[in-house]
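As structure tokens, the structure follows; a few thoughts come after it.
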Amino acid sequence: MKTRTIATLALAAMISATSTFAPQNSFFPTTSITAAAASSHQYTQAEIEQAIQWAYEAMNGQHSNPRKGSNGRWEWWCLAFVSDAYKSAGIYLPASYGSAQQAANVMVTNTDTNPPRGAFVFYRWGTDGHVGISLGNGQAIHADYNGIKVTGIDLSSSGRTYLGWGAWGSNHGYSISSSTSASASESSLIQHGSEVRISCNGQFLNLYGGYDYQTNKYVGWCADGSIEQVNVLEDCGNGKFRLRSKASKAGRCLDIYRKYINGKWQIVPGSVADLYAPNDPAAQEFKFIKVGNKYKIVLAAYPNLALTLKGSWNGAAITVENYTGSTNQLWDIQR
């Protein structure tokens with residue numbers, strides 16, 4: 001199984017003790033960097049996950065914002081947002097980074113559009129720069145005057161040109177090791193006890209309102225960092241998993257509601273996803289099958305029926321349908 005990794009940024013391999021690192025984009029001012037500045041800190045997976053968890057919490061209003069934007073409004077400044085996220089993991093923004101432009105000048109080392117989890121993604125935005133944190137699987141979390149949000153890597157629709165990605169503080173010897181690959185390595189992501197967020201086309205598998213009662217529906221919802229978008233994988237053996245809602249204190253799980261047809265309760269195309277006690281394996285045990293860099297999620301007992309998002313709006317229904325390979329049946333999974 002192929003995974004993406006952030007290569008260790010060994011400055012000695014990029015620059016000599018007297019050379020200047022030239023950015024890939026001349027939009028940013030140049031900065032002289034010497035190999036003597038390097039240290040040896042490598043991010044751990046725990047540090048990356050802590051920073052991303054903090055970012056989600058901030059999006060959900062759990063952290064106050066002490067920064068004032070350039071237009072005088074109290075808002076998250078993009079560089080302050082990513083700096084504070086990593087500060088929560090004990091990693092500090094080098095003092096020399098006064099702007100997203102200056103940060104990109106020394107960090108942008110890759111230009112592909114599928115950056116690994118934890119990488120910093122940079123953009124040109126008019127006469128300014130912009131920065132966010134990659135979540136892996138082609139998504140990023142970032143802040144601007146419209147607030148904090150999760151989007152795809154491509155922000156061209158909002159006037160931002162993607163420039164590339166790199167490791168935080170690379171000119172100070174910081175790097176992300178190969179053990180912190182995108183999706184935290186596929187094999188360790190889909191395993192018993194993993195707490196995951198599952199999304200399709202930017203809409204997350206969301207327990208409606210977080211209400212913990214039988215037959216409450218699962219719907220698609222934009223990322224909000226809430227507990228109702230977190231599910232805990234329970235290994236049922238033979239590659240099958242239940243998805244227990246973290247919002248359920250009663251331990252209820254994702255269930256496919258049976259329809260009463262011809263005198264029998266049956267699972268058929270169009271059956272909806274709801275919350276129920278873990279007592280019906282055929283309706284509650286799923287397999288995760290890799291398709292490119294996404295997953296199709298099928299009922300183990302009905303392998304042709306795949307979890308399907310039925311719209312692009314908050315509150316869109318989630319059902320099982322015959323698998324066709326359409327984009328509304330392909331899911332991103334992240335911690």
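Following the order of the structure tokens, first chain is A, next is B, and so on, with residues numbered from 1 inside each chain and ligands from 1 in the order they appear.
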Contact table range 250-279 of chain A vs range 223-244 of chain A, cut-off 8 Å, shortest pair per residue, only C-alpha atoms, as JSON lines:
```
{"residue": "A:Gly251", "atom": "CA", "partner": "A:Arg244", "partner_atom": "CA", "distance": 6.3}
{"residue": "A:Arg252", "atom": "CA", "partner": "A:Arg244", "partner_atom": "CA", "distance": 5.8}
{"residue": "A:Cys253", "atom": "CA", "partner": "A:Arg244", "partner_atom": "CA", "distance": 4.0}
{"residue": "A:Leu254", "atom": "CA", "partner": "A:Leu243", "partner_atom": "CA", "distance": 5.5}
```
Could you write those residues out with N, CA and C atoms, as an mmCIF file, in the first residue's frame?
```
data_model
loop_
_atom_site.group_PDB
_atom_site.id
_atom_site.type_symbol
_atom_site.label_atom_id
_atom_site.label_comp_id
_atom_site.auth_asym_id
_atom_site.auth_seq_id
_atom_site.Cartn_x
_atom_site.Cartn_y
_atom_site.Cartn_z
ATOM 1 N N GLY A 251 -22.820 3.976 23.729
ATOM 2 C CA GLY A 251 -22.056 3.079 22.882
ATOM 3 C C GLY A 251 -22.752 2.688 21.593
ATOM 4 N N ARG A 252 -23.714 3.498 21.133
ATOM 5 C CA ARG A 252 -24.422 3.188 19.892
ATOM 6 C C ARG A 252 -23.514 3.410 18.681
ATOM 7 N N CYS A 253 -23.921 2.819 17.548
ATOM 8 C CA CYS A 253 -23.042 2.848 16.381
ATOM 9 C C CYS A 253 -23.821 3.186 15.109
ATOM 10 N N LEU A 254 -23.052 3.426 14.051
ATOM 11 C CA LEU A 254 -23.641 3.638 12.734
ATOM 12 C C LEU A 254 -24.364 2.370 12.303
#
```
Show me, as CSV, the residues of range 209-298 of chain A having an atom within 12 Å of range 118-138 of chain A, each with the closest atom pair and its distance in Å, using only C-alpha atoms.
```
residue,atom,partner,partner_atom,distance
A:Gly292,CA,A:Asn137,CA,10.2
A:Asn293,CA,A:Asn137,CA,6.6
A:Lys294,CA,A:Asn137,CA,7.4
A:Tyr295,CA,A:Asn137,CA,10.6
```
Requested write-out: N, CA and C atoms of the selected residues, as a short mmCIF file (atom, residue, chain, number, x, y, z; two decimals), in the first residue's frame:
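Ended up saving to selection21.cif:
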```cif
data_model
loop_
_atom_site.label_atom_id
_atom_site.label_comp_id
_atom_site.auth_asym_id
_atom_site.auth_seq_id
_atom_site.Cartn_x
_atom_site.Cartn_y
_atom_site.Cartn_z
N GLY A 292 -7.88 4.41 -5.02
CA GLY A 292 -6.98 5.56 -5.15
C GLY A 292 -6.57 6.03 -3.78
N ASN A 293 -6.76 7.32 -3.50
CA ASN A 293 -6.44 7.84 -2.16
C ASN A 293 -7.69 8.01 -1.30
N LYS A 294 -8.78 7.36 -1.69
CA LYS A 294 -10.04 7.42 -0.93
C LYS A 294 -10.50 6.00 -0.61
N TYR A 295 -11.66 5.90 0.03
CA TYR A 295 -12.21 4.61 0.41
C TYR A 295 -13.65 4.50 -0.05
#
```
Q | Surrounding residues of Asn322 in chain A excluding itself and chain neighbours under 3 positions, 12 Å, only C-alpha atoms, as a PyMOL selection string | A | chain A and resi 267-271+296-299+302-308+319+325-326+328-329
Could you write out the selected residues, including N, CA and C atoms, as a PDB file, in the first residue's frame?
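Okay, this is what ended up in selection-v7.pdb:
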```
ATOM      1  N   ILE A 267     -32.441  -4.749   4.193  1.00  0.00           N
ATOM      2  CA  ILE A 267     -31.522  -3.683   3.780  1.00  0.00           C
ATOM      3  C   ILE A 267     -31.491  -3.676   2.262  1.00  0.00           C
ATOM      4  N   VAL A 268     -31.844  -2.538   1.686  1.00  0.00           N
ATOM      5  CA  VAL A 268     -31.943  -2.419   0.233  1.00  0.00           C
ATOM      6  C   VAL A 268     -31.346  -1.071  -0.183  1.00  0.00           C
ATOM      7  N   PRO A 269     -31.076  -0.878  -1.463  1.00  0.00           N
ATOM      8  CA  PRO A 269     -30.631   0.445  -1.899  1.00  0.00           C
ATOM      9  C   PRO A 269     -31.608   1.520  -1.445  1.00  0.00           C
ATOM     10  N   GLY A 270     -31.065   2.590  -0.878  1.00  0.00           N
ATOM     11  CA  GLY A 270     -31.893   3.667  -0.340  1.00  0.00           C
ATOM     12  C   GLY A 270     -32.103   3.593   1.153  1.00  0.00           C
ATOM     13  N   SER A 271     -31.707   2.485   1.792  1.00  0.00           N
ATOM     14  CA  SER A 271     -31.791   2.403   3.251  1.00  0.00           C
ATOM     15  C   SER A 271     -30.862   3.461   3.863  1.00  0.00           C
ATOM     16  N   LYS A 296     -14.034   3.302  -0.488  1.00  0.00           N
ATOM     17  CA  LYS A 296     -15.457   2.986  -0.528  1.00  0.00           C
ATOM     18  C   LYS A 296     -15.732   2.198   0.751  1.00  0.00           C
ATOM     19  N   ILE A 297     -16.890   2.455   1.340  1.00  0.00           N
ATOM     20  CA  ILE A 297     -17.264   1.838   2.615  1.00  0.00           C
ATOM     21  C   ILE A 297     -18.508   1.012   2.353  1.00  0.00           C
ATOM     22  N   VAL A 298     -18.375  -0.297   2.443  1.00  0.00           N
ATOM     23  CA  VAL A 298     -19.483  -1.189   2.085  1.00  0.00           C
ATOM     24  C   VAL A 298     -19.901  -2.023   3.296  1.00  0.00           C
ATOM     25  N   LEU A 299     -21.161  -2.430   3.296  1.00  0.00           N
ATOM     26  CA  LEU A 299     -21.617  -3.375   4.302  1.00  0.00           C
ATOM     27  C   LEU A 299     -20.968  -4.732   4.020  1.00  0.00           C
ATOM     28  N   TYR A 302     -23.395  -7.103   2.624  1.00  0.00           N
ATOM     29  CA  TYR A 302     -23.954  -6.689   1.340  1.00  0.00           C
ATOM     30  C   TYR A 302     -22.868  -5.911   0.589  1.00  0.00           C
ATOM     31  N   PRO A 303     -21.858  -6.573   0.068  1.00  0.00           N
ATOM     32  CA  PRO A 303     -20.680  -5.890  -0.471  1.00  0.00           C
ATOM     33  C   PRO A 303     -20.943  -5.015  -1.687  1.00  0.00           C
ATOM     34  N   ASN A 304     -22.117  -5.113  -2.292  1.00  0.00           N
ATOM     35  CA  ASN A 304     -22.450  -4.221  -3.406  1.00  0.00           C
ATOM     36  C   ASN A 304     -23.091  -2.920  -2.942  1.00  0.00           C
ATOM     37  N   LEU A 305     -23.428  -2.840  -1.651  1.00  0.00           N
ATOM     38  CA  LEU A 305     -24.074  -1.641  -1.117  1.00  0.00           C
ATOM     39  C   LEU A 305     -23.041  -0.766  -0.409  1.00  0.00           C
ATOM     40  N   ALA A 306     -22.841   0.424  -0.940  1.00  0.00           N
ATOM     41  CA  ALA A 306     -21.810   1.334  -0.431  1.00  0.00           C
ATOM     42  C   ALA A 306     -22.446   2.557   0.211  1.00  0.00           C
ATOM     43  N   LEU A 307     -21.773   3.058   1.265  1.00  0.00           N
ATOM     44  CA  LEU A 307     -22.217   4.285   1.923  1.00  0.00           C
ATOM     45  C   LEU A 307     -22.174   5.417   0.899  1.00  0.00           C
ATOM     46  N   THR A 308     -23.267   6.192   0.811  1.00  0.00           N
ATOM     47  CA  THR A 308     -23.428   7.175  -0.257  1.00  0.00           C
ATOM     48  C   THR A 308     -23.956   8.486   0.307  1.00  0.00           C
ATOM     49  N   THR A 319     -27.092   7.260   2.738  1.00  0.00           N
ATOM     50  CA  THR A 319     -27.767   5.984   2.524  1.00  0.00           C
ATOM     51  C   THR A 319     -26.745   4.944   2.062  1.00  0.00           C
ATOM     52  N   GLY A 325     -18.982   3.733  -8.169  1.00  0.00           N
ATOM     53  CA  GLY A 325     -17.709   4.433  -8.260  1.00  0.00           C
ATOM     54  C   GLY A 325     -17.847   5.934  -8.372  1.00  0.00           C
ATOM     55  N   SER A 326     -19.059   6.463  -8.217  1.00  0.00           N
ATOM     56  CA  SER A 326     -19.262   7.908  -8.295  1.00  0.00           C
ATOM     57  C   SER A 326     -18.615   8.607  -7.105  1.00  0.00           C
ATOM     58  N   ASN A 328     -19.685  10.590  -4.938  1.00  0.00           N
ATOM     59  CA  ASN A 328     -20.437  10.642  -3.676  1.00  0.00           C
ATOM     60  C   ASN A 328     -20.438   9.308  -2.943  1.00  0.00           C
ATOM     61  N   GLN A 329     -19.626   8.341  -3.449  1.00  0.00           N
ATOM     62  CA  GLN A 329     -19.448   7.062  -2.758  1.00  0.00           C
ATOM     63  C   GLN A 329     -17.991   6.839  -2.351  1.00  0.00           C
TER      64      GLN A 329
END
```
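Distances to Leu189 in chain A were evaluated for A:Tyr145, A:Tyr276, A:Tyr257, A:Phe288 using only C-alpha atoms, and the minimum falls at A:Phe288.
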- Determine, counting only C-alpha atoms, which protein, DNA and RNA residues have an atom within 10 Å of an atom of range 56-62 of chain A; residues of the same chain fewer than 3 positions away are not included. Present the result as number ranges by chain. A: 50-53, 65, 76, 81, 84-85, 141-143, 147-150, 223-226
What does the file look like for those residues with N, CA and C atoms, as a compact mmCIF listing (two decimals), in the first residue's frame?
```
# COMPACT_ATOMS: atom_id res chain seq x y z
N GLN A 50 -1.81 16.61 17.71
CA GLN A 50 -2.17 17.62 18.70
C GLN A 50 -2.43 18.96 18.02
N ALA A 51 -1.57 19.34 17.08
CA ALA A 51 -1.75 20.61 16.38
C ALA A 51 -3.05 20.61 15.58
N ILE A 52 -3.34 19.51 14.90
CA ILE A 52 -4.56 19.43 14.10
C ILE A 52 -5.80 19.40 15.00
N GLN A 53 -5.71 18.69 16.13
CA GLN A 53 -6.83 18.68 17.07
C GLN A 53 -7.11 20.09 17.59
N ASN A 65 -9.38 33.98 20.34
CA ASN A 65 -8.42 34.50 19.39
C ASN A 65 -7.88 35.84 19.86
N TRP A 76 -8.86 35.36 13.05
CA TRP A 76 -7.62 34.59 12.98
C TRP A 76 -6.80 35.06 11.79
N PHE A 81 -2.76 31.54 13.24
CA PHE A 81 -3.56 30.33 13.45
C PHE A 81 -2.69 29.08 13.40
N ASP A 84 -0.22 29.06 16.36
CA ASP A 84 -0.83 28.70 17.64
C ASP A 84 -1.18 27.22 17.70
N ALA A 85 -1.56 26.65 16.55
CA ALA A 85 -1.87 25.22 16.51
C ALA A 85 -0.64 24.40 16.89
N ILE A 141 -6.86 22.76 6.63
CA ILE A 141 -7.60 23.62 7.54
C ILE A 141 -6.84 24.93 7.64
N HIS A 142 -7.55 26.04 7.56
CA HIS A 142 -6.88 27.33 7.56
C HIS A 142 -7.85 28.42 8.00
N ALA A 143 -7.32 29.62 8.21
CA ALA A 143 -8.13 30.72 8.75
C ALA A 143 -7.93 31.97 7.91
N GLY A 147 -13.24 33.30 8.82
CA GLY A 147 -13.23 32.31 9.89
C GLY A 147 -12.33 31.13 9.57
N ILE A 148 -12.49 30.07 10.35
CA ILE A 148 -11.68 28.86 10.20
C ILE A 148 -12.52 27.82 9.48
N LYS A 149 -11.90 27.13 8.51
CA LYS A 149 -12.66 26.16 7.74
C LYS A 149 -11.75 25.08 7.17
N VAL A 150 -12.37 23.96 6.80
CA VAL A 150 -11.69 22.88 6.10
C VAL A 150 -12.09 22.95 4.63
N ALA A 223 -17.38 20.51 7.94
CA ALA A 223 -16.51 20.29 9.10
C ALA A 223 -16.74 21.35 10.15
N ASP A 224 -16.95 20.91 11.40
CA ASP A 224 -17.12 21.87 12.49
C ASP A 224 -16.33 21.48 13.73
N GLY A 225 -15.55 20.40 13.64
CA GLY A 225 -14.71 19.99 14.76
C GLY A 225 -15.46 19.38 15.92
N SER A 226 -16.76 19.12 15.75
CA SER A 226 -17.58 18.63 16.86
C SER A 226 -17.43 17.14 17.06
```
**Report entry** Close residues, range 212-220 of chain A itself excluded, 7 Å, only C-alpha atoms, min 2 positions apart in chain, as a PyMOL selection string
**Finding:** chain A and resi 203-208+210+247-248+273-276+309+314-318
Store the residues of this selection in a file with C-alpha atoms, as a PDB file, in the first residue's frame.
```
ATOM      1  CA  GLN A 203     -19.249  16.895   3.861  1.00  0.00           C
ATOM      2  CA  PHE A 204     -18.574  14.911   7.044  1.00  0.00           C
ATOM      3  CA  LEU A 205     -20.411  11.885   8.363  1.00  0.00           C
ATOM      4  CA  ASN A 206     -22.281  13.656  11.155  1.00  0.00           C
ATOM      5  CA  LEU A 207     -24.655  12.371  13.851  1.00  0.00           C
ATOM      6  CA  TYR A 208     -27.482  14.872  13.548  1.00  0.00           C
ATOM      7  CA  GLY A 210     -25.203  14.911  18.416  1.00  0.00           C
ATOM      8  CA  ALA A 247     -21.101  11.336  20.815  1.00  0.00           C
ATOM      9  CA  SER A 248     -22.993   8.303  22.116  1.00  0.00           C
ATOM     10  CA  ALA A 273     -27.808   5.550   7.959  1.00  0.00           C
ATOM     11  CA  ASP A 274     -28.886   5.989  11.561  1.00  0.00           C
ATOM     12  CA  LEU A 275     -27.709   5.404  15.145  1.00  0.00           C
ATOM     13  CA  TYR A 276     -28.553   2.165  16.913  1.00  0.00           C
ATOM     14  CA  LEU A 309     -23.778  10.926   0.322  1.00  0.00           C
ATOM     15  CA  ASN A 314     -25.704  20.489   5.402  1.00  0.00           C
ATOM     16  CA  GLY A 315     -28.220  17.830   6.380  1.00  0.00           C
ATOM     17  CA  ALA A 316     -27.906  15.779   3.184  1.00  0.00           C
ATOM     18  CA  ALA A 317     -29.033  12.187   3.664  1.00  0.00           C
ATOM     19  CA  ILE A 318     -26.567   9.307   3.883  1.00  0.00           C
TER      20      ILE A 318
END
```
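Atom pair CA of Asn110 in chain A / CA of Ala140 in chain A: separated by 15.7 Å.
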Separating CA of Cys78 in chain A from CA of Asp144 in chain A, to the nearest tenth of an Å, is a gap of 5.8 Å
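Each of A:Leu79, A:Leu163, A:Val196, A:Ala277 was compared to Glu49 in chain A using only C-alpha atoms, and A:Val196 turns out to be the nearest.
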For Arg258 in chain A, the closest of A:Asn146, A:Gln139, A:Thr109, A:Gln284 counting only C-alpha atoms is A:Gln284
